[in-house]
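Working notes, structure below.
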Amino acid sequence: MGIWLDILRLAADGNSAAARELLELKLPITLRDFVFSGAERRKYQGPVPDAVARYISKLSSSEGSLARFREYDLVDYVVDDVVAAVRRTLVLVQVIRARPDSSLDDLVTAFPWDSGLKRAAEWKRARIARLISSMIAAGLPLPRSAGLAVEEVEEIYPFDEIAFATSNKRIEQSWWDFKKQQDLDAYYLTIVDSDQRADVDSEVVDYGSISVAKIVLGTDAGLDHETILDLHVLGRELGPELTNLMEGLHESKPSDGYRPIAWHNVFWCLSSDYEGLHLNLSQVDPFCERDLELSEHIADNYREVVGASRPVIYRRRKTLHAACEQKLLVRMRARFASGTTEATDHM
């Protein structure tokens with residue numbers, strides 16, 4: 001029996017504490033373990049690192065260079081995604097135990113779907129039915145109430161964490177999702193590997209293959225103190241520049257609402273995406289993540305704004321965000337692509 005089934009069985013037996021311990025502690029280490037090489041450097045080993053390495057080896061030269069530079073980040077992304085998937089099935093078992101008379105539709109409503117999932121209700125119903133049928137087929141002691149009398153399904157889940165985590169299809173999907181999340185397809189830096197030094201100290205970064213956004217997060221372990229200080233200095237300069245840019249748009253079109261669009265969305269997003277810069281932009285509660293929320297909040301609280309429909313606010317938000325990000329990236333390139341070793345020696 002694998003860890004995934006152990007987790008579900010413990011939960012079905014009412015031992016949620018032990019199930020959570022396996023989920024949070026044992027499962028991640030089983031998928032991705034650590035060893036220490038020379039100079040106290042940590043290396044990954046295990047089924048997920050091996051699967052990621054195999055996937056990267058089959059990529060094109062340019063894509064492979066980017067993926068190798070972010071290899072451990074991708075491993076972490078896959079592991080976190082798998083742990084989240086197992087956690088959702090654990091929650092399903094807990095809900096079934098707590099509410100044994102729940103209908104299938106009740107369970108669809110209670111299930112903690114991924115926040116980014118966009119699926120029809122029928123698809124979700126079929127997924128829950130398949131999960132429950134698979135749990136019953138695996139011998140989990142679930143309550144056999146009328147609410148769990150699900151229809152026959154063509155295929156059951158094996159709840160095999162290794163196979164689930166390491167399939168080529170999953171690694172490929174995780175890589176595309178990871179690139180989208182990190183904006184790796186938009187702004188690239190080039191990685192040049194020195195032939196004279198074998199360890200990670202030999203890697204030199206130049207513009208063309210990793211995300212500028214990731215660099216300015218300031219969280220890469222390899223960023224030296226000088227680079228981090230440069231980022232902070234640049235952020236102090238950029239904060240007022242971005243504010244002035246927004247104010248310029250406001251002055252040219254005062255009724256378009258660029259101030260509240262910045263305060264309740266764009267400046268929040270920029271501060272998060274480029275947190276290593278410490279931009280110190282004005283952010284006013286509430287943060288309106290979605291355009292519908294933003295347009296409704298502006299319509300209710302900023303009566304001077306003309307045209308506060310969702311499509312109009314969407315266009316203005318995109319305009320402001322693009323203008324701010326363009327200025328930010330131009331300044332980043334000017335500061336860090338000047339050829340100085342202080343800015344470009346990443347490792």
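Just remember, in the structure tokens the first chain shown is A, the second B, etc., residues are 1-based per chain, and ligands are 1-based in the order shown.
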Selection: 6 Å around stretch 232-245 of chain A, only C-alpha atoms, excl. self and same-chain fewer than 4 positions, as a list in words = Leu277, His278, Leu279, Asn280, Leu281 and Cys324 of chain A
How would the residues just chosen look if you wrote them out with C-alpha atoms as a CSV table (one decimal), in the first residue's frame?
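Here's the written file result_33.csv:
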```csv
chain,number,residue,atom,x,y,z
A,277,LEU,CA,12.1,45.6,-5.4
A,278,HIS,CA,10.2,46.9,-2.3
A,279,LEU,CA,8.3,49.4,-4.6
A,280,ASN,CA,6.4,51.1,-1.8
A,281,LEU,CA,3.3,51.8,-4.0
A,324,CYS,CA,4.0,50.3,-15.4
```
State, in Å with one decimal place, the distance from atom CA of A:Ile29 to atom CA of A:Leu140.
-> 24.5 Å
Near A:Leu292, counting only C-alpha atoms, which residues have an atom at most 9 Å away, once you skip same-chain residues fewer than 5 positions from it, shown as a ChimeraX atom specification?
-> /A:297,309-311,313-314
Create the file for the chosen residues now, containing C-alpha atoms and written as a PDB file, in the first residue's frame.
```
ATOM      1  CA  HIS A 297     -16.085  48.751  -6.161  1.00  0.00           C
ATOM      2  CA  SER A 309     -18.398  48.667 -16.505  1.00  0.00           C
ATOM      3  CA  ARG A 310     -16.257  45.532 -16.283  1.00  0.00           C
ATOM      4  CA  PRO A 311     -15.043  45.654 -19.937  1.00  0.00           C
ATOM      5  CA  ILE A 313     -12.263  48.853 -16.319  1.00  0.00           C
ATOM      6  CA  TYR A 314     -10.539  45.784 -17.749  1.00  0.00           C
TER       7      TYR A 314
END
```
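The smallest atom-to-atom distance between A:Leu8 and any of A:Val93, A:Ile156, A:Ala299, A:Ala262, using only C-alpha atoms, is found for A:Val93.
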Which value, in Å to one decimal, gives the distance between atom CA of A:Arg32 and atom CA of A:Ala19?
-> 19.0 Å
